[in-house]
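Worksheet: one structure, shown below.
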Amino acid sequence: MKKIKPAFLPAILILCLLIGSIGNLTSVLGVPALLVVVLLGAGLYFGAPRLDHLSTRQLRWGIGLGLLAMLIAQVVVLHVMPNTVYHDPYRVLSQADQLAAGHMTWDITYFWRYANNVPLAYLLSLWLRLTQLVGLSTNLSVHLLSILVLDSFIALALHTIWQLSQRASLLVVAFGFFALSPFAYTYYLQVFYSDLPTMLVLLIIIRSLLNWSQKTSRQRWFAGSGLVVAVMLGAMLKPNLVVLLPALLIVGLILARQHLWRQAKLTQPILLIVLGFGLSLPATKVFDVAANYQPRTAFSFPATHWILMGYNQHSNGGYSGKDVGRAIKQPSQADRQRYNLKTIPKRIKTLGVVGVIRLWVVKLGIVLNVQGIQRWYNGGFRAAPSWYSNHAGFYQGLTVIGYVAATLLMWGALMLKLLRWRPDLTDPHQILALLAVTTALGYLAFHTLLWEVEPRYGQAILPLLWVALAAIPRQASQSRPRWANQASLLNGATASLVAFGAAGVLGAQLPQKQVIAAQRSQLSVQYHAKPKTVTPGTVLAEVVDVNAPANYFSVQIHAGSQVQVTLTNLATGQHYRLTMAGSVARLHHQLAAGQYRITVQNLTTRGQQVDVTHTYHYQLAAHPLTVNGQSQPTASLIYTCMQR
């Protein structure tokens, strides 16, 4: 049996996950999250043998009923707590809605700057057109797509984990991670964007390589076709999928060095993956033509722009509004490129060796931070239920503890396996594990050493880590004492008490700016979104459901606009006059729960500009915007109601 020495790559991944673990424990909820991890880890250690004795029938019924309950809970969440999608996902959704309505124009500069989102917008528009044929609304269509992609990913991940490990205990743990943590009910459910499809694509790619040498010719034909399509779409949606190529090269070199390349039989799938990347380039052009999209280099940012932000120490290598603003002022893409190539070396020199390493560590901690999964691209619930708003600190704290604990528990189990792993590359499953580890490191290196970072970027490696955890062989299990079953139940119950108790006590210490009601979806002035011109005497009005007490209300108007903005309690008739502050009209006053009407009036003798979000079929808020009494169901003001 040929074996290699303890691999360098798994050791690096352990170091990365340790840094990420520390980063996730820095908030006030870090200590209880760590305690939950310890308790659940011990409980699973004691209870694993009992779980492993579950029959296949018991597993199927248990997992099946659990997934059904998860689906019901997802539908309830989407119905009761729809959120206001903002920033990039909304711009993609808005453009898709426009294309689906037959308006093949690109009216804002966003897609000229970020052309990588054009294929996503076009594909989403095709889905909207398809669902319109069967009478589904755009809102329902987007929710349905989120559920289909999310639950397909979860089901496929569970199936893959079972195929690789054949361990009931690991399957149950994976089910708990996906279906009992916030993973299935927050960002990936409530906001449709490229992150989840990318994770699904990665999982499909890895699955295509599973047991390739044992596949029949027909099975290889189907798997190979799916592999090419998955890689092509994945590269179009997220160009950083290219890290798969150097990962394949590294694994190939290791196999060749061990004289196992011929035995692994990976030549065909690797060539198919390369073909998929090659086809992504002409496919992107085809999509551009089909969507009537024409790039404009006057607005586009070169790749060096993201490298520039990646070495901005003031933004910790993340998105920098100053860097973006400076890039916008440059007259052409060539000027931006020259500026970036001149500035990047200066920033690295200013940081110095110690500063660069420190920045890398900080960026790694950011890219692996999962505490904000509820907030990613979520501008707040459109009208949060009173039971949620009145105890928001508790629910937010429970979300943070739940997902941090689930993530660290999985990372911890993987790190323990990696420490003891002596890769046997005659085993196809372990080759797959090595590829998963190497590709995960590629993603982390890309964002840490080169690109800019955001916390959600690190989620791309989630399917890779689960594949590695399932594919690495388990060590011989040790006997458990008789009281192990009771201990596992006690630990699980104690972990639940800790999570709920800490969320209740420490949740109150979380930032208290709680969104009660909002409609924050907009195309943004920075991307040259056009405001609505309100003629003299025109009245805009919109009803807002405020389900809990609040003390702040704002309506985005437009810089320099002169309009009167009032807020009226529909039950009492009490009026509040909002005060202009820049482009926003604001009110600082205690507001009781109830229905309110926003009124924007142009009392001047000339037209005034007001920022209004308008779609073709997507309903932005529960109540329509009315213009001089005429209802516009797919238009809305931009407003935020908060308890501060």
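Simple scheme: letters A, B, ... for chains in structure tokens order, numbers from 1 for residues in each chain, numbers from 1 for ligands in the order shown.
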Kindly assemble as CSV a list of the region 421-450 of chain A residues that lie within 9 Å of region 464-473 of chain A, each paired with its nearest atom pair and their distance in Å to one decimal, using only C-alpha atoms, sorted first by chain and then by ascending residue number.
residue,atom,partner,partner_atom,distance
A:Trp421,CA,A:Ile472,CA,7.2
A:Pro423,CA,A:Ile472,CA,8.1
A:His429,CA,A:Ala471,CA,5.4
A:Gln430,CA,A:Ile472,CA,5.9
A:Ile431,CA,A:Ala471,CA,8.8
A:Leu432,CA,A:Ala471,CA,7.2
A:Ala433,CA,A:Ala468,CA,4.4
A:Leu434,CA,A:Ala468,CA,7.3
A:Leu435,CA,A:Ala468,CA,8.5
A:Ala436,CA,A:Leu464,CA,4.9
A:Val437,CA,A:Ala468,CA,6.6
A:Thr439,CA,A:Leu464,CA,7.6
A:Ala440,CA,A:Leu464,CA,6.3
Go ahead and save the picked residues with C-alpha atoms, as a short mmCIF file (atom, residue, chain, number, x, y, z; two decimals), in the first residue's frame.
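Done, and the output landed in part25.cif:
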data_model
loop_
_atom_site.label_atom_id
_atom_site.label_comp_id
_atom_site.auth_asym_id
_atom_site.auth_seq_id
_atom_site.Cartn_x
_atom_site.Cartn_y
_atom_site.Cartn_z
CA TRP A 421 -4.73 11.45 8.20
CA PRO A 423 -3.37 9.70 2.78
CA HIS A 429 -12.14 8.43 -1.99
CA GLN A 430 -8.95 9.74 -0.43
CA ILE A 431 -7.87 11.23 -3.76
CA LEU A 432 -11.21 13.05 -3.72
CA ALA A 433 -10.52 14.21 -0.16
CA LEU A 434 -7.11 15.54 -1.17
CA LEU A 435 -8.65 17.39 -4.12
CA ALA A 436 -11.30 18.89 -1.82
CA VAL A 437 -8.64 20.05 0.66
CA THR A 439 -9.35 23.33 -3.77
CA ALA A 440 -10.50 24.75 -0.42
#
_Every residue of region 222-347 of chain A that DSSP places in alpha helix (DSSP H), as number ranges by chain_ = A: 222-237, 244-257, 261-264, 267-290, 304-310, 321-329, 333-347
_So, with only C-alpha atoms as the atoms that count, which of A:Leu489, A:Tyr576, A:Ala96, A:Ile461 lies closest to Leu13 (chain A)?_
A:Ile461
*Best match for closeness to Leu637 (chain A) among A:Asp424, A:Glu454, A:Asp288, A:Glu542, counting only C-alpha atoms*: A:Glu542
Proximity of region 248-346 of chain A to region 365-376 of chain A: per-residue shortest pair, 10 Å limit, only C-alpha atoms, as a Markdown table:
| residue | atom | partner | partner_atom | distance |
| --- | --- | --- | --- | --- |
| A:Asn316 | CA | A:Ile366 | CA | 8.7 |
| A:Gly317 | CA | A:Ile366 | CA | 9.2 |
| A:Gly318 | CA | A:Ile366 | CA | 8.7 |
Atoms kept (N, CA, C and O atoms) for selection, written as a short mmCIF file (atom, residue, chain, number, x, y, z; two decimals), in the first residue's frame:
data_model
loop_
_atom_site.label_atom_id
_atom_site.label_comp_id
_atom_site.auth_asym_id
_atom_site.auth_seq_id
_atom_site.Cartn_x
_atom_site.Cartn_y
_atom_site.Cartn_z
N ASN A 316 -9.28 46.59 5.92
CA ASN A 316 -8.87 45.21 6.23
C ASN A 316 -8.99 44.29 5.02
O ASN A 316 -9.36 43.11 5.13
N GLY A 317 -8.67 44.84 3.86
CA GLY A 317 -8.70 44.03 2.65
C GLY A 317 -10.08 43.78 2.10
O GLY A 317 -10.25 42.99 1.17
N GLY A 318 -11.10 44.45 2.65
CA GLY A 318 -12.47 44.28 2.17
C GLY A 318 -12.87 45.39 1.22
O GLY A 318 -12.04 46.18 0.76
#
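You can rank A:Ala383, A:Met70, A:Val142, A:Ala585 by their closest distance to Pro82 (chain A) using only C-alpha atoms, and at the top of that list sits A:Ala383.
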*Which residues in region 515-562 of chain A does DSSP call strand (DSSP E or B)? List them as number ranges by chain.*
A: 515-519, 532-534, 539-546, 550-556
*Residue neighbourhood Thr105 (chain A), 10 Å, only C-alpha atoms, exclusion window fewer than 2 positions, as a PyMOL selection string*: chain A and resi 95+98-99+102-103+107-108+291-294
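Excluding Val118 (chain A) itself and same-chain residues fewer than 3 positions from it, the residues having an atom within 9 Å of it are Val92, Gln95, Phe111, Tyr114, Ala115, Ala121, Tyr122, Leu123, Met236, Leu237, Thr284, Phe287, Asp288, Ala291 and Tyr293 of chain A, counting only C-alpha atoms.
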Considering only C-alpha atoms, tabulate each residue of region 282-384 of chain A that lies at most 12 Å from region 604-624 of chain A along with its nearest interatomic pair and the corresponding distance in Å to one decimal; arrange the rows by chain and ascending residue number and present them as a tab-separated table.
residue	atom	partner	partner_atom	distance
A:Phe381	CA	A:Ala621	CA	10.3
A:Arg382	CA	A:Ala621	CA	6.7
A:Ala383	CA	A:Ala622	CA	8.4
A:Ala384	CA	A:Ala622	CA	11.8
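When only C-alpha atoms are used to measure the gap to Leu497 (chain A), the shortest distance among A:Leu625, A:Leu39, A:Ala73, A:Ala298 belongs to A:Leu39.
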*Skipping near chain neighbours, those fewer than 4 positions away, what residues fall within 6 Å of region 519-525 of chain A using only C-alpha atoms, listed as number ranges by chain?*
A: 84-86, 91, 529, 613, 638-639
Could you write out that same residue set with all heavy atoms as a CSV table (one decimal), in the first residue's frame?
chain,number,residue,atom,x,y,z
A,84,THR,N,-36.1,42.5,2.8
A,84,THR,CA,-35.9,43.4,1.7
A,84,THR,C,-34.5,43.2,1.2
A,84,THR,O,-33.5,43.4,1.9
A,84,THR,CB,-36.1,44.9,2.2
A,84,THR,OG1,-35.7,45.8,1.2
A,84,THR,CG2,-35.3,45.2,3.5
A,85,VAL,N,-34.4,42.7,0.0
A,85,VAL,CA,-33.1,42.3,-0.6
A,85,VAL,C,-32.5,43.6,-1.1
A,85,VAL,O,-33.1,44.4,-1.8
A,85,VAL,CB,-33.3,41.3,-1.7
A,85,VAL,CG1,-32.0,40.9,-2.4
A,85,VAL,CG2,-34.0,40.1,-1.2
A,86,TYR,N,-31.2,43.8,-0.8
A,86,TYR,CA,-30.6,45.0,-1.3
A,86,TYR,C,-29.2,44.7,-1.8
A,86,TYR,O,-28.7,43.6,-1.7
A,86,TYR,CB,-30.6,46.1,-0.3
A,86,TYR,CG,-29.8,46.1,0.9
A,86,TYR,CD1,-29.5,47.2,1.6
A,86,TYR,CD2,-29.3,44.9,1.4
A,86,TYR,CE1,-28.8,47.2,2.8
A,86,TYR,CE2,-28.6,44.8,2.6
A,86,TYR,CZ,-28.3,46.0,3.3
A,86,TYR,OH,-27.6,46.0,4.4
A,91,ARG,N,-30.0,44.1,-7.5
A,91,ARG,CA,-29.7,44.6,-8.9
A,91,ARG,C,-29.8,43.5,-9.9
A,91,ARG,O,-30.3,43.7,-11.0
A,91,ARG,CB,-28.3,45.3,-8.9
A,91,ARG,CG,-28.3,46.6,-8.2
A,91,ARG,CD,-26.9,47.1,-7.8
A,91,ARG,NE,-27.1,48.1,-6.7
A,91,ARG,CZ,-26.3,48.2,-5.6
A,91,ARG,NH1,-25.3,47.3,-5.5
A,91,ARG,NH2,-26.5,49.1,-4.8
A,529,ALA,N,-28.8,55.2,-11.2
A,529,ALA,CA,-30.2,55.0,-11.2
A,529,ALA,C,-31.0,56.3,-11.3
A,529,ALA,O,-30.6,57.3,-10.6
A,529,ALA,CB,-30.6,54.2,-9.9
A,613,THR,N,-38.2,53.1,-6.2
A,613,THR,CA,-37.8,51.8,-6.8
A,613,THR,C,-39.0,51.2,-7.5
A,613,THR,O,-40.1,51.1,-7.0
A,613,THR,CB,-37.4,50.8,-5.7
A,613,THR,OG1,-36.3,51.4,-5.0
A,613,THR,CG2,-37.0,49.5,-6.3
A,638,ILE,N,-38.4,54.2,-0.7
A,638,ILE,CA,-37.3,53.6,0.0
A,638,ILE,C,-37.3,54.1,1.4
A,638,ILE,O,-37.0,55.3,1.6
A,638,ILE,CB,-35.9,53.9,-0.7
A,638,ILE,CG1,-36.0,53.4,-2.2
A,638,ILE,CG2,-34.8,53.2,0.0
A,638,ILE,CD1,-34.9,54.0,-3.0
A,639,TYR,N,-37.6,53.2,2.4
A,639,TYR,CA,-37.8,53.7,3.7
A,639,TYR,C,-37.3,52.6,4.7
A,639,TYR,O,-37.1,51.4,4.4
A,639,TYR,CB,-39.3,53.9,4.0
A,639,TYR,CG,-40.2,52.7,3.8
A,639,TYR,CD1,-40.3,51.7,4.8
A,639,TYR,CD2,-40.8,52.5,2.6
A,639,TYR,CE1,-41.1,50.6,4.6
A,639,TYR,CE2,-41.6,51.4,2.4
A,639,TYR,CZ,-41.8,50.5,3.3
A,639,TYR,OH,-42.6,49.4,3.1
_Just the number, please: distance in Å from CA of Leu441 (chain A) to CA of Leu244 (chain A), one decimal._
10.1 Å
Please produce, as CSV, a per-residue contact table for region 378-436 of chain A versus region 176-179 of chain A (criterion: any atom at most 10 Å away, only C-alpha atoms considered), showing the nearest atom pair and its distance in Å to one decimal, sorted by chain then residue number.
residue,atom,partner,partner_atom,distance
A:Gly402,CA,A:Phe177,CA,9.3
A:Tyr403,CA,A:Phe177,CA,8.2
A:Ala405,CA,A:Phe177,CA,9.5
A:Ala406,CA,A:Phe177,CA,5.8
A:Thr407,CA,A:Phe177,CA,7.8
A:Leu409,CA,A:Phe177,CA,9.2
A:Met410,CA,A:Phe177,CA,8.2
Writing out the chosen residues with C-alpha atoms as a short mmCIF file (atom, residue, chain, number, x, y, z; two decimals), in the first residue's frame:
data_model
loop_
_atom_site.label_atom_id
_atom_site.label_comp_id
_atom_site.auth_asym_id
_atom_site.auth_seq_id
_atom_site.Cartn_x
_atom_site.Cartn_y
_atom_site.Cartn_z
CA GLY A 402 -26.38 28.24 16.30
CA TYR A 403 -24.45 28.75 13.09
CA ALA A 405 -21.40 26.37 16.88
CA ALA A 406 -22.48 24.20 13.93
CA THR A 407 -19.60 25.51 11.80
CA LEU A 409 -18.17 21.63 15.34
CA MET A 410 -17.76 20.56 11.73
#
_Coordinates-based distance that separates CA of Gly325 (chain A) from CA of Gly379 (chain A) (Å, one decimal)_ = 22.7 Å
